[in-house]
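Text of the file data.txt, holding compact mmCIF, N, CA and C atoms:
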```
# COMPACT_ATOMS: atom_id res chain seq x y z
N MET W 1143 2.51 -20.50 68.56
CA MET W 1143 3.03 -19.71 67.46
C MET W 1143 3.44 -20.66 66.33
N GLU W 1144 2.93 -20.40 65.12
CA GLU W 1144 3.23 -21.25 63.99
C GLU W 1144 4.56 -20.89 63.36
N LYS W 1145 5.17 -21.90 62.75
CA LYS W 1145 6.41 -21.68 62.03
C LYS W 1145 6.12 -20.90 60.75
N GLN W 1146 6.82 -19.79 60.55
CA GLN W 1146 6.57 -18.97 59.38
C GLN W 1146 7.23 -19.60 58.15
N GLU W 1147 6.55 -19.44 57.01
CA GLU W 1147 7.10 -19.90 55.75
C GLU W 1147 8.26 -19.00 55.36
N ARG W 1148 9.23 -19.60 54.69
CA ARG W 1148 10.35 -18.82 54.19
C ARG W 1148 9.87 -17.89 53.08
N ASN W 1149 10.34 -16.67 53.09
CA ASN W 1149 9.94 -15.73 52.04
C ASN W 1149 10.40 -16.26 50.69
N SER W 1150 9.61 -15.97 49.65
CA SER W 1150 10.04 -16.39 48.32
C SER W 1150 11.22 -15.51 47.90
N ARG W 1151 12.27 -16.17 47.45
CA ARG W 1151 13.49 -15.46 47.08
C ARG W 1151 13.40 -15.01 45.63
N LYS W 1152 13.98 -13.86 45.33
CA LYS W 1152 13.96 -13.35 43.97
C LYS W 1152 14.82 -14.24 43.08
N GLN W 1153 14.31 -14.53 41.91
CA GLN W 1153 15.08 -15.27 40.92
C GLN W 1153 15.28 -14.38 39.71
N ARG W 1154 16.48 -14.44 39.14
CA ARG W 1154 16.80 -13.61 37.99
C ARG W 1154 17.49 -14.46 36.94
N THR W 1155 17.40 -14.02 35.70
CA THR W 1155 18.04 -14.72 34.59
C THR W 1155 19.13 -13.83 34.01
N GLY W 1156 20.30 -14.41 33.78
CA GLY W 1156 21.41 -13.63 33.24
C GLY W 1156 22.38 -14.51 32.48
N VAL W 1157 23.48 -13.91 32.07
CA VAL W 1157 24.50 -14.59 31.28
C VAL W 1157 25.81 -14.60 32.07
N VAL W 1158 26.48 -15.75 32.07
CA VAL W 1158 27.76 -15.88 32.77
C VAL W 1158 28.83 -15.13 31.98
N VAL W 1159 29.54 -14.20 32.65
CA VAL W 1159 30.59 -13.44 31.98
C VAL W 1159 31.97 -13.85 32.45
N SER W 1160 32.06 -14.56 33.58
CA SER W 1160 33.35 -15.02 34.08
C SER W 1160 33.15 -16.24 34.96
N ASN W 1161 34.07 -17.20 34.84
CA ASN W 1161 34.04 -18.37 35.72
C ASN W 1161 35.45 -18.74 36.17
N LEU W 1162 36.33 -17.76 36.27
CA LEU W 1162 37.73 -18.01 36.59
C LEU W 1162 37.94 -18.39 38.05
N MET W 1163 37.04 -18.00 38.94
CA MET W 1163 37.19 -18.30 40.36
C MET W 1163 36.65 -19.69 40.66
N THR W 1164 37.25 -20.37 41.60
CA THR W 1164 36.79 -21.70 41.98
C THR W 1164 35.53 -21.56 42.82
N GLY W 1165 34.44 -22.18 42.38
CA GLY W 1165 33.18 -22.16 43.13
C GLY W 1165 32.37 -20.89 42.97
N THR W 1166 32.80 -20.01 42.10
CA THR W 1166 32.09 -18.73 41.91
C THR W 1166 32.04 -18.40 40.43
N ALA W 1167 30.90 -17.85 40.00
CA ALA W 1167 30.76 -17.34 38.64
C ALA W 1167 30.23 -15.92 38.73
N VAL W 1168 30.50 -15.13 37.72
CA VAL W 1168 29.98 -13.77 37.65
C VAL W 1168 28.90 -13.75 36.58
N VAL W 1169 27.69 -13.31 36.97
CA VAL W 1169 26.55 -13.29 36.07
C VAL W 1169 26.14 -11.84 35.83
N ALA W 1170 25.98 -11.47 34.56
CA ALA W 1170 25.55 -10.12 34.20
C ALA W 1170 24.08 -10.16 33.81
N ILE W 1171 23.33 -9.22 34.35
CA ILE W 1171 21.91 -9.07 34.03
C ILE W 1171 21.74 -7.71 33.36
N ILE W 1172 21.17 -7.72 32.16
CA ILE W 1172 21.03 -6.49 31.37
C ILE W 1172 19.58 -6.05 31.39
N ASN W 1173 19.34 -4.80 31.75
CA ASN W 1173 18.00 -4.21 31.74
C ASN W 1173 17.99 -3.02 30.80
N ASN W 1174 16.94 -2.90 30.02
CA ASN W 1174 16.74 -1.72 29.18
C ASN W 1174 15.87 -0.74 29.95
N VAL W 1175 16.42 0.47 30.18
CA VAL W 1175 15.75 1.48 31.00
C VAL W 1175 15.62 2.76 30.19
N ARG W 1176 14.48 3.40 30.29
CA ARG W 1176 14.29 4.67 29.60
C ARG W 1176 14.88 5.80 30.44
N HIS W 1177 15.70 6.63 29.81
CA HIS W 1177 16.32 7.75 30.51
C HIS W 1177 15.24 8.76 30.90
N PRO W 1178 15.25 9.23 32.16
CA PRO W 1178 14.15 10.09 32.63
C PRO W 1178 14.03 11.43 31.90
N ILE W 1179 15.14 11.97 31.42
CA ILE W 1179 15.08 13.28 30.77
C ILE W 1179 15.06 13.16 29.25
N TYR W 1180 15.95 12.33 28.71
CA TYR W 1180 16.12 12.28 27.25
C TYR W 1180 15.24 11.23 26.58
N ASN W 1181 14.55 10.41 27.36
CA ASN W 1181 13.64 9.38 26.86
C ASN W 1181 14.29 8.39 25.90
N LYS W 1182 15.60 8.24 26.00
CA LYS W 1182 16.30 7.26 25.17
C LYS W 1182 16.44 5.98 25.98
N ILE W 1183 16.36 4.83 25.31
CA ILE W 1183 16.54 3.55 25.98
C ILE W 1183 18.03 3.33 26.22
N VAL W 1184 18.38 3.06 27.48
CA VAL W 1184 19.77 2.86 27.88
C VAL W 1184 19.91 1.47 28.48
N LYS W 1185 20.99 0.76 28.13
CA LYS W 1185 21.24 -0.55 28.71
C LYS W 1185 21.92 -0.39 30.06
N LYS W 1186 21.37 -1.01 31.09
CA LYS W 1186 21.98 -1.02 32.41
C LYS W 1186 22.41 -2.45 32.70
N THR W 1187 23.67 -2.64 33.06
CA THR W 1187 24.19 -3.97 33.35
C THR W 1187 24.54 -4.04 34.83
N VAL W 1188 24.07 -5.10 35.49
CA VAL W 1188 24.39 -5.35 36.89
C VAL W 1188 25.07 -6.71 36.95
N LYS W 1189 26.20 -6.79 37.67
CA LYS W 1189 26.92 -8.05 37.79
C LYS W 1189 26.76 -8.60 39.20
N PHE W 1190 26.51 -9.89 39.29
CA PHE W 1190 26.36 -10.57 40.57
C PHE W 1190 27.37 -11.70 40.67
N PHE W 1191 27.94 -11.88 41.86
CA PHE W 1191 28.79 -13.03 42.15
C PHE W 1191 27.87 -14.16 42.60
N VAL W 1192 27.99 -15.30 41.95
CA VAL W 1192 27.06 -16.41 42.16
C VAL W 1192 27.83 -17.62 42.67
N ASP W 1193 27.26 -18.31 43.66
CA ASP W 1193 27.85 -19.53 44.19
C ASP W 1193 27.61 -20.67 43.21
N ASP W 1194 28.69 -21.27 42.73
CA ASP W 1194 28.64 -22.39 41.78
C ASP W 1194 29.59 -23.47 42.28
N PRO W 1195 29.17 -24.24 43.30
CA PRO W 1195 30.10 -25.17 43.96
C PRO W 1195 30.65 -26.27 43.06
N LYS W 1196 29.90 -26.68 42.03
CA LYS W 1196 30.36 -27.76 41.15
C LYS W 1196 31.11 -27.24 39.93
N ASN W 1197 31.26 -25.93 39.80
CA ASN W 1197 31.92 -25.31 38.65
C ASN W 1197 31.34 -25.79 37.33
N GLU W 1198 30.00 -25.81 37.23
CA GLU W 1198 29.36 -26.30 36.02
C GLU W 1198 29.04 -25.21 35.01
N CYS W 1199 29.20 -23.94 35.39
CA CYS W 1199 28.93 -22.83 34.47
C CYS W 1199 30.14 -22.59 33.57
N SER W 1200 29.86 -22.18 32.35
CA SER W 1200 30.93 -21.71 31.47
C SER W 1200 30.50 -20.38 30.88
N ILE W 1201 31.45 -19.65 30.35
CA ILE W 1201 31.18 -18.30 29.86
C ILE W 1201 30.17 -18.36 28.71
N GLY W 1202 29.16 -17.53 28.78
CA GLY W 1202 28.13 -17.47 27.75
C GLY W 1202 26.87 -18.25 28.08
N ASP W 1203 26.90 -19.05 29.15
CA ASP W 1203 25.71 -19.80 29.54
C ASP W 1203 24.63 -18.87 30.04
N GLU W 1204 23.37 -19.19 29.73
CA GLU W 1204 22.24 -18.46 30.30
C GLU W 1204 21.78 -19.22 31.53
N VAL W 1205 21.73 -18.54 32.68
CA VAL W 1205 21.46 -19.22 33.95
C VAL W 1205 20.37 -18.50 34.74
N VAL W 1206 19.77 -19.24 35.67
CA VAL W 1206 18.82 -18.68 36.63
C VAL W 1206 19.51 -18.68 37.98
N ILE W 1207 19.48 -17.53 38.66
CA ILE W 1207 20.10 -17.41 39.98
C ILE W 1207 19.04 -16.98 40.99
N ALA W 1208 19.28 -17.29 42.25
CA ALA W 1208 18.32 -16.94 43.30
C ALA W 1208 19.06 -16.30 44.47
N GLU W 1209 18.37 -15.40 45.15
CA GLU W 1209 18.92 -14.76 46.34
C GLU W 1209 19.12 -15.79 47.44
N THR W 1210 20.12 -15.55 48.26
CA THR W 1210 20.36 -16.41 49.41
C THR W 1210 21.04 -15.58 50.49
N ARG W 1211 21.32 -16.21 51.60
CA ARG W 1211 22.02 -15.49 52.67
C ARG W 1211 23.43 -15.15 52.20
N PRO W 1212 24.10 -14.19 52.82
CA PRO W 1212 25.47 -13.88 52.40
C PRO W 1212 26.39 -15.09 52.58
N LEU W 1213 27.03 -15.49 51.50
CA LEU W 1213 27.93 -16.65 51.54
C LEU W 1213 29.38 -16.23 51.70
N SER W 1214 29.70 -15.02 51.29
CA SER W 1214 31.04 -14.47 51.47
C SER W 1214 30.91 -12.95 51.40
N LYS W 1215 32.03 -12.27 51.24
CA LYS W 1215 32.00 -10.81 51.19
C LYS W 1215 31.12 -10.31 50.05
N ASN W 1216 31.18 -10.97 48.88
CA ASN W 1216 30.45 -10.49 47.71
C ASN W 1216 29.32 -11.40 47.25
N LYS W 1217 29.35 -12.68 47.62
CA LYS W 1217 28.37 -13.63 47.09
C LYS W 1217 27.06 -13.55 47.85
N ARG W 1218 25.98 -13.22 47.12
CA ARG W 1218 24.64 -13.15 47.70
C ARG W 1218 23.63 -13.95 46.89
N PHE W 1219 24.09 -14.66 45.87
CA PHE W 1219 23.22 -15.43 44.99
C PHE W 1219 23.78 -16.84 44.83
N ARG W 1220 22.90 -17.77 44.48
CA ARG W 1220 23.33 -19.14 44.18
C ARG W 1220 22.74 -19.56 42.85
N LEU W 1221 23.40 -20.51 42.23
CA LEU W 1221 22.97 -21.01 40.93
C LEU W 1221 21.77 -21.94 41.12
N VAL W 1222 20.69 -21.69 40.37
CA VAL W 1222 19.52 -22.56 40.42
C VAL W 1222 19.58 -23.58 39.29
N LYS W 1223 19.72 -23.10 38.05
CA LYS W 1223 19.83 -24.02 36.92
C LYS W 1223 20.44 -23.30 35.73
N ILE W 1224 20.94 -24.11 34.81
CA ILE W 1224 21.47 -23.59 33.55
C ILE W 1224 20.38 -23.75 32.51
N VAL W 1225 19.93 -22.62 31.96
CA VAL W 1225 18.83 -22.64 30.98
C VAL W 1225 19.35 -23.06 29.62
N LYS W 1226 20.47 -22.45 29.19
CA LYS W 1226 21.00 -22.74 27.87
C LYS W 1226 22.52 -22.71 27.93
N LYS W 1227 23.16 -23.78 27.45
CA LYS W 1227 24.62 -23.85 27.43
C LYS W 1227 25.15 -23.04 26.24
N ALA W 1228 26.35 -22.46 26.43
CA ALA W 1228 26.99 -21.72 25.34
C ALA W 1228 27.55 -22.71 24.33
N LYS W 1229 27.73 -22.25 23.11
CA LYS W 1229 28.26 -23.12 22.06
C LYS W 1229 29.74 -23.33 22.23
```
Now that the file is in, can you turn its structure into structure tokens?
Amino acid sequence: MEKQERNSRKQRTGVVVSNLMTGTAVVAIINNVRHPIYNKIVKKTVKFFVDDPKNECSIGDEVVIAETRPLSKNKRFRLVKIVKKAK
């Protein structure tokens, strides 16, 4: 029996909205979705708790996060890289 390859983990891009916790950042991902009945574009925001062990994120940074095993009660993502630093 061969060793199976690890499944490719989903990667998402979002903006850091909070970094007050030690080792954790909160990343918001905004999607524009068309309302099924009214056909108006609505912004949907989803927030993820992200593992940031070096505390390198700051509020407003654009980051790439990836799925991982559960790290705590709420953390299911880890920081991959910082795409753009906030001013």
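The nearest approach to Pro1195 in chain W among the residues W:Asn1174, W:Asn1216, W:Asn1181, W:Thr1166, with only N, CA and C atoms taken into account, belongs to W:Thr1166.
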### Task
Can you pull out every residue within 10 Å of Lys1229 in chain W, counting only C-alpha atoms, but drop anything in the same chain fewer than 4 positions away, and send it as a PyMOL selection string?
chain W and resi 1200-1203
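Separating atom N of Ser1214 in chain W from atom C of Ala1167 in chain W is a distance of 12.6 Å.
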### Task
Skip Gln1153 in chain W itself and residues of its chain fewer than 3 positions away, then list as a ChimeraX atom specification all residues within 8 Å of it, counting only N, CA and C atoms.
/W:1150,1156,1206-1209
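Interatomic distance, atom C of Lys1223 in chain W to atom N of Val1205 in chain W: 5.8 Å.
As for CA of Ile1172 in chain W and CA of Arg1154 in chain W, they are spaced 10.6 Å apart.
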### Task
Enumerate the residues of chain W with a DSSP assignment of strand (DSSP E or B), computed from the backbone, and present them as a PyMOL selection string.
chain W and resi 1153-1160+1166-1176+1183-1193+1204-1209+1219-1226
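Of the listed residues W:Cys1199, W:Ile1179, W:Leu1162, W:Val1184, the one whose atoms come nearest to Leu1221 in chain W is W:Cys1199, with distances taken using only C-alpha atoms.
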### Task
For Lys1217 in chain W, please output as a VMD selection string all residues within 7 Å (counting all atoms listed in the file; exclusion window: fewer than 5 positions along the same chain).
chain W and resid 1190 to 1193 1210 to 1212
## Note on the structure
Closest of W:Tyr1180, W:Ala1170, W:Lys1227, W:Phe1219 to Val1158 in chain W, counting all atoms listed in the file, is W:Ala1170
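Candidate residues W:Val1222, W:Val1188, W:Val1168, W:Ala1228 were compared for distance to Glu1204 in chain W, and the nearest is W:Ala1228, using only C-alpha atoms.
Among the candidates W:Lys1196, W:His1177, W:Lys1186, W:Lys1152, the residue lying nearest to Thr1164 in chain W is W:Lys1196 (atoms considered: all atoms listed in the file).
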